[in-house]
$ cat my_file_30.cif   # mmCIF, C-alpha atoms and all ligand atoms
data_final
#
loop_
_atom_site.label_atom_id
_atom_site.label_comp_id
_atom_site.auth_asym_id
_atom_site.auth_seq_id
_atom_site.Cartn_x
_atom_site.Cartn_y
_atom_site.Cartn_z
CA MET J 1 -18.52 -11.25 13.34
CA GLN J 2 -15.37 -12.67 11.71
CA GLN J 3 -12.13 -10.85 12.45
CA ARG J 4 -11.12 -8.87 9.38
CA ILE J 5 -7.74 -9.51 7.82
CA ALA J 6 -5.48 -7.02 6.04
CA PHE J 7 -2.09 -7.14 4.34
CA VAL J 8 0.04 -4.01 3.96
CA THR J 9 3.22 -4.03 1.86
CA GLY J 10 6.26 -1.88 2.68
CA ALA J 11 5.10 -1.58 6.27
CA ASN J 12 8.31 -1.69 8.33
CA LYS J 13 8.32 2.13 8.43
CA GLY J 14 6.60 5.27 7.22
CA ILE J 15 3.00 5.36 6.06
CA GLY J 16 2.69 1.57 5.77
CA PHE J 17 3.73 1.07 9.39
CA GLU J 18 1.14 3.61 10.50
CA VAL J 19 -1.58 1.96 8.38
CA VAL J 20 -0.82 -1.34 10.14
CA ARG J 21 -1.05 0.41 13.51
CA GLN J 22 -4.40 2.03 12.70
CA LEU J 23 -5.91 -1.18 11.31
CA ALA J 24 -4.66 -3.22 14.29
CA ARG J 25 -6.24 -0.63 16.59
CA LYS J 26 -9.54 -1.33 14.83
CA GLY J 27 -9.15 -5.02 15.60
CA PHE J 28 -7.89 -6.27 12.25
CA HIS J 29 -5.45 -9.15 12.05
CA VAL J 30 -2.79 -7.36 10.00
CA PHE J 31 -0.02 -8.97 7.98
CA LEU J 32 2.90 -6.52 8.01
CA GLY J 33 4.88 -6.87 4.78
CA ALA J 34 8.56 -5.96 4.56
CA ARG J 35 11.42 -6.97 2.28
CA ASN J 36 13.95 -6.90 5.10
CA SER J 37 13.18 -9.53 7.76
CA ASP J 38 14.99 -7.79 10.61
CA ALA J 39 13.17 -4.52 9.94
CA GLY J 40 9.82 -6.31 9.56
CA VAL J 41 10.17 -8.35 12.75
CA ALA J 42 11.31 -5.25 14.69
CA ALA J 43 8.25 -3.34 13.42
CA VAL J 44 5.91 -6.15 14.52
CA GLN J 45 7.57 -6.27 17.95
CA LYS J 46 7.20 -2.52 18.38
CA LEU J 47 3.48 -2.63 17.54
CA ASN J 48 2.87 -5.72 19.67
CA LYS J 49 4.39 -3.88 22.63
CA GLU J 50 2.03 -0.95 22.08
CA GLY J 51 -0.81 -3.40 21.54
CA GLU J 52 -0.38 -4.93 24.99
CA LYS J 53 -1.79 -1.68 26.40
CA GLU J 54 -4.27 -0.84 23.67
CA GLU J 55 -5.52 -4.29 22.67
CA TYR J 56 -4.47 -4.28 19.03
CA GLY J 57 -5.52 -7.07 16.70
CA GLU J 58 -2.91 -9.69 15.87
CA ILE J 59 0.05 -8.54 13.74
CA THR J 60 2.01 -11.07 11.68
CA PHE J 61 5.22 -10.45 9.72
CA LEU J 62 5.19 -11.47 6.05
CA LYS J 63 8.42 -11.20 4.07
CA ILE J 64 7.85 -9.71 0.63
CA ASP J 65 9.93 -7.85 -1.91
CA VAL J 66 7.34 -6.50 -4.33
CA SER J 67 9.94 -6.04 -7.07
CA LYS J 68 10.65 -9.79 -7.17
CA PRO J 69 8.01 -12.20 -8.54
CA ASP J 70 9.55 -15.15 -6.62
CA SER J 71 9.31 -13.27 -3.35
CA ILE J 72 5.66 -12.39 -4.07
CA ARG J 73 4.89 -16.06 -4.81
CA ARG J 74 6.60 -17.18 -1.59
CA ALA J 75 4.71 -14.54 0.40
CA ALA J 76 1.39 -15.83 -0.96
CA GLU J 77 2.40 -19.41 -0.04
CA GLU J 78 3.40 -18.31 3.45
CA PHE J 79 0.14 -16.36 3.83
CA SER J 80 -1.90 -19.43 2.80
CA LYS J 81 -0.44 -21.37 5.76
CA LYS J 82 -1.95 -18.81 8.13
CA SER J 83 -5.18 -17.74 6.45
CA ASP J 84 -7.33 -18.67 3.47
CA ARG J 85 -9.06 -15.28 3.41
CA LEU J 86 -7.92 -11.69 3.00
CA ASP J 87 -10.29 -8.74 3.28
CA THR J 88 -7.99 -5.84 2.41
CA LEU J 89 -4.75 -5.55 0.48
CA VAL J 90 -2.89 -2.24 0.77
CA ASN J 91 -0.24 -1.89 -1.95
CA ASN J 92 1.85 0.68 -0.11
CA ALA J 93 5.49 -0.26 -0.86
CA GLY J 94 7.11 2.38 -3.01
CA ILE J 95 10.40 4.01 -3.95
CA LEU J 96 11.38 7.49 -5.05
CA LEU J 97 14.75 7.45 -6.81
CA ASP J 98 14.80 10.42 -9.11
CA ASP J 99 13.75 13.47 -7.08
CA ASP J 100 14.50 16.67 -9.01
CA LYS J 101 15.97 15.03 -12.09
CA ASP J 102 14.79 16.16 -15.52
CA VAL J 103 12.87 13.56 -17.56
CA LEU J 104 15.43 14.03 -20.35
CA MET J 105 18.13 12.83 -17.96
CA ALA J 106 16.20 9.87 -16.53
CA THR J 107 18.21 6.66 -16.87
CA PRO J 108 16.74 3.31 -17.95
CA GLU J 109 17.86 1.89 -14.58
CA ILE J 110 15.90 4.44 -12.59
CA PHE J 111 12.86 4.01 -14.82
CA GLU J 112 12.89 0.22 -14.72
CA THR J 113 13.50 -0.07 -10.99
CA THR J 114 10.85 2.51 -10.16
CA LEU J 115 8.18 1.03 -12.39
CA ARG J 116 9.00 -2.54 -11.34
CA THR J 117 8.44 -1.62 -7.69
CA ASN J 118 5.71 1.03 -7.74
CA THR J 119 3.60 -0.24 -10.64
CA LEU J 120 4.30 -3.85 -11.62
CA GLY J 121 4.84 -4.74 -7.94
CA ALA J 122 1.34 -3.63 -7.01
CA LEU J 123 -0.17 -5.53 -9.96
CA LEU J 124 1.71 -8.77 -9.23
CA VAL J 125 0.93 -8.65 -5.51
CA SER J 126 -2.74 -8.09 -6.38
CA GLN J 127 -2.74 -11.05 -8.77
CA ALA J 128 -1.12 -13.29 -6.15
CA PHE J 129 -3.55 -12.31 -3.38
CA VAL J 130 -6.81 -12.14 -5.37
CA PRO J 131 -7.61 -15.82 -4.59
CA PHE J 132 -7.61 -14.98 -0.85
CA LEU J 133 -9.51 -11.72 -1.40
CA LYS J 134 -12.20 -13.64 -3.30
CA LYS J 135 -13.00 -15.44 -0.02
CA SER J 136 -13.97 -12.12 1.59
CA ASP J 137 -17.53 -10.83 1.46
CA ALA J 138 -16.20 -7.26 1.01
CA PRO J 139 -12.80 -7.45 -0.71
CA ARG J 140 -10.76 -4.28 -1.06
CA ILE J 141 -7.53 -3.32 -2.78
CA VAL J 142 -6.02 0.07 -1.94
CA ASN J 143 -3.17 1.29 -4.14
CA VAL J 144 -1.13 4.01 -2.46
CA SER J 145 -0.52 6.42 -5.31
CA SER J 146 0.46 10.09 -5.41
CA GLY J 147 -0.86 13.40 -6.64
CA GLY J 148 2.43 13.48 -8.57
CA GLY J 149 0.88 10.90 -10.90
CA GLN J 150 -2.11 13.07 -11.85
CA LEU J 151 -2.27 14.01 -15.52
CA THR J 152 -4.89 16.71 -15.04
CA ASP J 153 -3.08 20.09 -15.23
CA GLY J 154 0.02 18.43 -16.69
CA ALA J 155 3.29 17.64 -14.92
CA ASP J 156 5.48 20.02 -12.94
CA GLY J 157 8.66 18.15 -13.87
CA TRP J 158 9.53 16.83 -10.41
CA ALA J 159 10.62 13.15 -10.12
CA PRO J 160 9.46 12.01 -13.58
CA ALA J 161 10.06 8.27 -13.15
CA TYR J 162 8.26 8.27 -9.80
CA CYS J 163 5.35 10.34 -11.13
CA ILE J 164 4.98 8.18 -14.26
CA SER J 165 5.03 5.04 -12.07
CA LYS J 166 2.09 6.46 -10.09
CA THR J 167 0.21 7.48 -13.26
CA ALA J 168 0.62 3.88 -14.41
CA LEU J 169 -0.38 2.59 -10.97
CA ASN J 170 -3.63 4.51 -11.38
CA GLY J 171 -4.05 2.64 -14.67
CA VAL J 172 -3.57 -0.62 -12.77
CA THR J 173 -6.30 0.49 -10.35
CA ALA J 174 -8.75 1.20 -13.19
CA GLN J 175 -8.00 -2.13 -14.88
CA LEU J 176 -8.31 -4.15 -11.65
CA ALA J 177 -11.60 -2.43 -10.82
CA THR J 178 -13.00 -3.60 -14.16
CA ALA J 179 -11.58 -7.11 -13.83
CA LEU J 180 -12.87 -7.50 -10.25
CA PRO J 181 -16.44 -6.10 -10.22
CA LYS J 182 -17.23 -7.41 -6.72
CA PHE J 183 -14.15 -5.71 -5.28
CA ALA J 184 -13.53 -2.12 -4.21
CA VAL J 185 -10.26 -1.20 -5.94
CA ASN J 186 -9.05 2.35 -5.47
CA SER J 187 -6.01 4.61 -5.66
CA VAL J 188 -5.30 7.07 -2.88
CA CYS J 189 -2.92 9.98 -2.39
CA PRO J 190 -1.89 10.37 1.27
CA GLY J 191 -0.81 14.00 0.80
CA TRP J 192 2.74 15.17 1.53
CA VAL J 193 3.76 13.14 4.57
CA GLN J 194 6.73 13.30 6.97
CA THR J 195 8.53 10.03 6.24
CA ASP J 196 11.95 9.11 4.90
CA MET J 197 10.44 9.61 1.44
CA GLY J 198 8.45 12.77 2.16
CA GLY J 199 11.16 14.46 4.26
CA ALA J 200 10.95 16.57 7.39
CA ASN J 201 9.36 19.59 5.66
CA ALA J 202 6.25 17.65 4.62
CA THR J 203 2.96 19.13 5.75
CA ARG J 204 1.34 16.00 7.20
CA SER J 205 2.16 13.61 10.02
CA VAL J 206 2.15 9.87 9.25
CA GLY J 207 -1.06 9.64 11.26
CA GLU J 208 -2.76 12.15 8.96
CA GLY J 209 -1.28 10.52 5.85
CA ALA J 210 -2.54 7.08 6.84
CA THR J 211 -6.11 8.14 7.65
CA GLY J 212 -7.42 8.28 4.08
CA ILE J 213 -5.81 4.94 3.28
CA VAL J 214 -7.36 3.29 6.33
CA TRP J 215 -10.76 4.73 5.43
CA LEU J 216 -10.57 3.08 2.00
CA ALA J 217 -9.22 -0.10 3.59
CA MET J 218 -12.21 -0.56 5.90
CA ASP J 219 -14.92 2.13 5.91
CA ALA J 220 -15.48 3.57 2.43
CA PRO J 221 -18.69 2.35 0.75
CA GLN J 222 -17.98 -1.00 -0.91
CA ASN J 223 -19.55 0.19 -4.18
CA GLU J 224 -16.96 2.97 -4.56
CA THR J 225 -14.41 1.48 -6.94
CA GLY J 226 -12.07 2.45 -9.76
CA LYS J 227 -11.47 5.94 -8.37
CA PHE J 228 -8.64 8.16 -7.13
CA TRP J 229 -9.02 9.67 -3.63
CA ARG J 230 -7.46 12.11 -1.22
CA ASP J 231 -8.96 13.00 2.17
CA ARG J 232 -12.05 10.84 1.45
CA LYS J 233 -12.83 12.86 -1.70
CA VAL J 234 -12.48 11.78 -5.31
CA ILE J 235 -9.71 13.65 -7.17
CA PRO J 236 -9.05 13.73 -10.94
CA TRP J 237 -6.71 11.18 -12.53
N1 LIG J 301 5.61 10.49 1.96
C1 LIG J 301 4.89 11.15 1.06
O1 LIG J 301 4.82 12.39 1.09
C2 LIG J 301 4.11 10.39 0.02
C3 LIG J 301 3.29 11.15 -0.84
C4 LIG J 301 2.54 10.49 -1.80
C5 LIG J 301 2.60 9.11 -1.88
N2 LIG J 301 3.42 8.40 -1.05
C6 LIG J 301 3.45 6.95 -1.19
O2 LIG J 301 3.21 6.33 0.05
C7 LIG J 301 3.84 5.04 0.09
C8 LIG J 301 4.66 4.92 1.37
O3 LIG J 301 5.66 5.93 1.32
P1 LIG J 301 6.45 6.47 2.61
O4 LIG J 301 6.41 7.93 2.54
O5 LIG J 301 5.99 5.75 3.83
O6 LIG J 301 7.92 6.02 2.21
P2 LIG J 301 9.10 5.34 3.07
O7 LIG J 301 9.12 5.84 4.45
O8 LIG J 301 10.30 5.48 2.21
O9 LIG J 301 8.66 3.81 3.13
C9 LIG J 301 8.57 3.04 1.96
C10 LIG J 301 8.35 1.60 2.34
O10 LIG J 301 8.29 0.82 1.13
C11 LIG J 301 9.21 -0.26 1.28
N3 LIG J 301 9.71 -0.77 -0.01
C12 LIG J 301 10.40 -0.11 -0.96
N4 LIG J 301 10.70 -0.95 -1.97
C13 LIG J 301 10.17 -2.16 -1.64
C14 LIG J 301 10.16 -3.42 -2.26
N5 LIG J 301 10.76 -3.66 -3.43
N6 LIG J 301 9.51 -4.44 -1.63
C15 LIG J 301 8.92 -4.24 -0.44
N7 LIG J 301 8.92 -3.08 0.22
C16 LIG J 301 9.56 -2.05 -0.38
C17 LIG J 301 10.33 0.30 2.15
O11 LIG J 301 11.11 -0.76 2.68
P3 LIG J 301 12.67 -0.56 3.09
O12 LIG J 301 12.68 0.04 4.47
O13 LIG J 301 13.21 -1.95 3.04
O14 LIG J 301 13.29 0.35 2.07
C18 LIG J 301 9.50 1.02 3.19
O15 LIG J 301 8.97 0.12 4.12
C19 LIG J 301 4.67 4.94 -1.20
O16 LIG J 301 3.98 4.19 -2.16
C20 LIG J 301 4.79 6.38 -1.63
O17 LIG J 301 5.01 6.51 -3.02
C21 LIG J 301 4.16 9.02 -0.10
#
$ encode --input "my_file_30.cif" --output "structure tokens"
Amino acid sequence: MQQRIAFVTGANKGIGFEVVRQLARKGFHVFLGARNSDAGVAAVQKLNKEGEKEEYGEITFLKIDVSKPDSIRRAAEEFSKKSDRLDTLVNNAGILLDDDKDVLMATPEIFETTLRTNTLGALLVSQAFVPFLKKSDAPRIVNVSSGGGQLTDGADGWAPAYCISKTALNGVTAQLATALPKFAVNSVCPGWVQTDMGGANATRSVGEGATGIVWLAMDAPQNETGKFWRDRKVIPW
């Protein structure tokens, strides 16, 4: 069997880092995406050290800033020098800038930066890596979204720019699923996870937060597509 290949964006820390670890443990060759080279290389070194004992799959650093189209293009070029096939893309990179701010106070800067990273970033990275995914016999795109983006039951007012970016990311998921009928394209909420973004009071460890993402990245039925998931169950948009 061919070794499976995954690419995870925003993976120098937090949930993305843990997704790389879990996929490498399953024998994937994982491309660890980070916008900061030092942080990305340090993350790869840390996992490679662990992997000496546990026999992880190969882990390769790939520099990518998902908010910058040039950086995405360069990352795809760099990737093509190492592989012509990708089995799973995990659009994990994300920012939370507005926290408890009221939507009436949201600035254009916060809105634009948040949507450029969390929404447009995931779409542009998907576009750039679809040619490699098309070489896979079971291509998957996993968009790391948030329950904060659900429209069912309305909004609670927390972090409006962030939540709207995730609502729109779910729209990207639905559109990609239609455009790519042979792919499994899904959104997933990891729950409230202890990371720099989630904070220390979050209810889930990174290990728990990454599990549902990894399931969609490798084990979920390939015909499940265009849906929103948490804990391996479909949740409303
Ligand atoms: N934690 C939670 O409770 C929670 C809940 C629901 C959904 N999520 C989602 O889960 C994903 C991961 O979040 P996390 O909790 O692990 O957050 P985190 O610890 O803050 O990590 C975010 C990662 O995204 C990277 N990133 C941010 N902007 C980027 C850009 N323009 N280009 C490339 N990478 C970029 C960060 O890189 P730097 O280190 O360079 O900043 C970092 O590696 C996000 O999409 C988030 O919205 C998290």
$ atom_distance --input "my_file_30.cif" --atom1 "CA of Gly57 (chain J)" --atom2 "CA of Arg25 (chain J)"
6.5 Å
$ residues_near_point --input "my_file_30.cif" --point "(-6.6, 13.7, -12.1)" --cutoff "8 Å" --atoms "only C-alpha atoms" --output "ChimeraX atom specification"
/J:147,150-153,228,235-237
$ residues_near_ligand --input "my_file_30.cif" --ligand "ligand LIG 301 (chain J)" --cutoff "7 Å" --atoms "all atoms listed in the file" --output "ChimeraX atom specification"
/J:9-16,34-36,64-67,92-96,117-118,144-147,189-198,202
$ residues_around --input "my_file_30.cif" --residues "Asn48 (chain J)" --least-positions-apart "3" --cutoff "12 Å" --atoms "only C-alpha atoms" --output "CSV table (one decimal) with C-alpha atoms, keeping the file's coordinate frame"
chain,number,residue,atom,x,y,z
J,20,VAL,CA,-0.8,-1.3,10.1
J,21,ARG,CA,-1.0,0.4,13.5
J,24,ALA,CA,-4.7,-3.2,14.3
J,25,ARG,CA,-6.2,-0.6,16.6
J,29,HIS,CA,-5.4,-9.2,12.0
J,30,VAL,CA,-2.8,-7.4,10.0
J,32,LEU,CA,2.9,-6.5,8.0
J,41,VAL,CA,10.2,-8.4,12.8
J,42,ALA,CA,11.3,-5.2,14.7
J,43,ALA,CA,8.2,-3.3,13.4
J,44,VAL,CA,5.9,-6.2,14.5
J,45,GLN,CA,7.6,-6.3,18.0
J,51,GLY,CA,-0.8,-3.4,21.5
J,52,GLU,CA,-0.4,-4.9,25.0
J,53,LYS,CA,-1.8,-1.7,26.4
J,54,GLU,CA,-4.3,-0.8,23.7
J,55,GLU,CA,-5.5,-4.3,22.7
J,56,TYR,CA,-4.5,-4.3,19.0
J,57,GLY,CA,-5.5,-7.1,16.7
J,58,GLU,CA,-2.9,-9.7,15.9
J,59,ILE,CA,0.0,-8.5,13.7
J,60,THR,CA,2.0,-11.1,11.7
J,61,PHE,CA,5.2,-10.4,9.7
$ atom_distance --input "my_file_30.cif" --atom1 "CA of Arg85 (chain J)" --atom2 "CA of Lys166 (chain J)"
27.9 Å
$ closest_residue --input "my_file_30.cif" --among "J:Ala6, J:Pro131, J:Trp158, J:Asn91" --to "Leu104 (chain J)" --atoms "all atoms listed in the file"
J:Trp158
$ closest_residue --input "my_file_30.cif" --among "J:Ser136, J:Ala168, J:Val142, J:Ala159" --to "Lys227 (chain J)" --atoms "all atoms listed in the file"
J:Val142
$ closest_residue --input "my_file_30.cif" --among "J:Ala76, J:Leu47, J:Ala220, J:Leu86" --to "Gln3 (chain J)" --atoms "only C-alpha atoms"
J:Leu86
$ residues_near_point --input "my_file_30.cif" --point "(9.8, 23.3, -18.7)" --cutoff "12 Å" --atoms "only C-alpha atoms" --output "list in words"
Asp102, Val103, Leu104, Gly154, Ala155, Asp156, Gly157 and Trp158 of chain J
$ closest_residue --input "my_file_30.cif" --among "J:Leu120, J:Leu133, J:Ala128, J:Asp100" --to "Asp84 (chain J)" --atoms "all atoms listed in the file"
J:Leu133
$ axis_aligned_box --input "my_file_30.cif" --around "region 157-166 of chain J" --padding-each-side "3 Å" --output "JSON"
{"center_x": 6.4, "center_y": 11.6, "center_z": -12.0, "size_x": 14.5, "size_y": 19.1, "size_z": 10.5}
$ residues_around --input "my_file_30.cif" --residues "Asp219 (chain J)" --least-positions-apart "5" --cutoff "12 Å" --atoms "only C-alpha atoms" --output "list in words"
Leu23, Lys26, Thr88, Ala138, Pro139, Arg140, Ala184, Thr211, Gly212, Ile213, Val214, Glu224 and Arg232 of chain J
$ atom_distance --input "my_file_30.cif" --atom1 "CA of Pro181 (chain J)" --atom2 "CA of Thr225 (chain J)"
8.5 Å
